[in-house]
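One structure is given here, and the rest of the page talks about it.
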Amino acid sequence: MDRLVNTVRPYAWGSVTAIPELLGQEPTGSPQAEMWMGAHPGAPSRTDRGEGLRPLDELIAADPRGELGAGAVARFGTGLPFLLKVLAAGIPLSIQAHPTLDQARAGFAAEEALGIPVDAPHRNYRDANHKPELICALDEFDGLCGFRRPADAAALMAALEVPALTPLIGRLRRGPEPEALREALATVLTMAPDTAAGIVRLTAEAVDKAAAGDPDGPYAPYALISRTFPGDIGLLAGMLLNHVRLQPGEALYLGAGVPHGYLYGTAVELMANSDNVLRAGLTPKHIDVPELMKVVGFTPADPDVLRPVPVPGTPGEELYPVPIDEFRLSRFRLDGQDRRVDGRAPQILLCTAGAARLTAADGQTLDLARGESAFLPATGADTVLAGTGATVFRATVTL
């Protein structure tokens with residue numbers, strides 16, 4: 001068992017207080033957006049096996065079968081296939097979508113062939129992997145997820161009574177739903193800057209007025225967006241998407257091509273080991289409209305809120321089911337009884353409440369306080385998890 005030393009990413013949208021509170025630290029006064037747990041080369045966790053701190057990706061690369069197990073290597077390759085994060089949004093993140101595996105491989109190869117540095121601001125594909133993800137709320141968590149039905153998006157805009165929105169509303173009301181959404185998003189993202197500025201300003205004024213009269217109503221998320229990103233075309237793009245509010249313990253699965261954006265709150269996020277993002281607004285970063293339009297799926301759907309279900313044969317473990325094997329998220333809410341954690345696959349355990357003790361088959365113990373995490377190599381032997389009033393998330397793979 002390896003206690004992890006993790007990197008906290010200071011992105012501008014991060015909360016100033018949420019991650020320090022989780023870690024029991026004083027806030028620095030600067031945003032702290034994501035704590036990464038895993039072996040992504042961009043910010044690998046580190047651990048000390050008696051030789052000083054070493055990056056987890058290096059340890060795994062030195063002995064993939066010993067660290068990940070033969071089954072995981074055969075199925076997913078020689079790297080840890082998932083990345084676990086704590087995400088703390090103080091203001092809205094960019095509206096974005098992620099590529100399929102084939103799209104990521106092709107896009108990465110094309111940008112490599114062009115000689116674009118992997119850290120270049122205009123680079124779309126920083127690796128050759130897809131990035132499906134699961135977000136599980138630790139507190140009340142607001143986000144945008146997937147396209148509304150075009151008629152619903154049109155009605156939301158029409159009720160604002162902004163004449164400048166009439167052409168966009170008309171596009172949403174014409175033709176098959178996927179085509180209506182495609183045309184609407186393309187229209188929003190390719191407007192002339194002067195035209196976009198005028199429409200966004202008028203829409204923002206109407207949204208702010210509507211939200212002032214109904215602070216918990218349908219326009220509140222968009223008033224937050226307009227205040228945080230004045231003049232950003234993402235306000236219009238965001239109105240094409242469903243608003244969803246997760247309660248603690250609820251989750252969303254976001255597959256390839258699903259447009260989404262997180263607005264505020266703290267959550268555990270588990271994803272394939274990738275950092276590929278195509279953006280559609282609410283960001284000063286690069287927006288590649290043609291590439292985004294290739295990646296996004298335009299089928300409308302209501303958000304499918306996931307709640308954990310008991311795992312048969314594993315008392316105390318609750319699973320968030322997802323249609324992918326590269327990552328698996330479950331939760332233990334410890335009540336004083338010992339719980340067994342299957343050791344056949346590599347995993348990361350994260351304590352988000354209380355304190356927990358891990359006991360390996362050889363008797364080694366490791367205590368985790370709130371905010372601490374551990375990497376468990378695939379030894380094949382179960383680990384005992386104990387604690388009272390503690391919550392521990394388990395990230396692993398499905399073999």
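Chain labels run A, B, ... following the order of the structure tokens; each chain numbers its residues from 1, and ligands are numbered from 1 in the order shown.
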
> What's the 10 Å shell around Pro132 in chain A, counting only C-alpha atoms, without same-chain residues fewer than 3 positions away, as a list in words?
Replying inline: Phe82, Ala97, His98, Pro99, Thr100, Leu101, Asn129, Tyr253, Leu254, Gly255, Ala256, Gly257, Val258, Leu270, Met271, Ala272, Asn273, Ser274, Val322, Pro323, Ile324, Glu326 and Phe327 of chain A

>> I want to know what sits within 12 Å of Leu172 in chain A, based on only C-alpha atoms, with residues of the same chain fewer than 5 positions away left out; could you give that as a ChimeraX atom specification?
In response: /A:147-158,165-167,177-188,239-240

So that each row is one residue of range 271-387 of chain A with an atom at most 12 Å from range 7-17 of chain A, can you give its shortest atom pair and the distance in Å to one decimal, using only C-alpha atoms, rows by chain and rising number, as a tab-separated table?
residue	atom	partner	partner_atom	distance
A:Leu282	CA	A:Trp13	CA	10.3
A:Thr283	CA	A:Trp13	CA	9.6
A:Pro284	CA	A:Ala12	CA	10.7
A:Lys285	CA	A:Ala12	CA	11.7
A:Gly371	CA	A:Val8	CA	11.9

> Got a sec: who's within 6 Å of range 57-67 of chain A, counting only C-alpha atoms, leaving out chain neighbours fewer than 2 positions off, as a list in words?
Replying inline: Ala39, Pro55, Gly69, Ala70, Thr78, Pro377 and Ala378 of chain A

>> Could you check the closest approach to Phe332 in chain A for each of A:Tyr222, A:Phe298, A:Phe141, A:Tyr320 and tell me which residue wins, using only C-alpha atoms?
In response: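 Closest candidate: A:Tyr320.
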
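Here CA of Leu241 in chain A is placed at a distance of 5.9 Å from CA of Leu144 in chain A.
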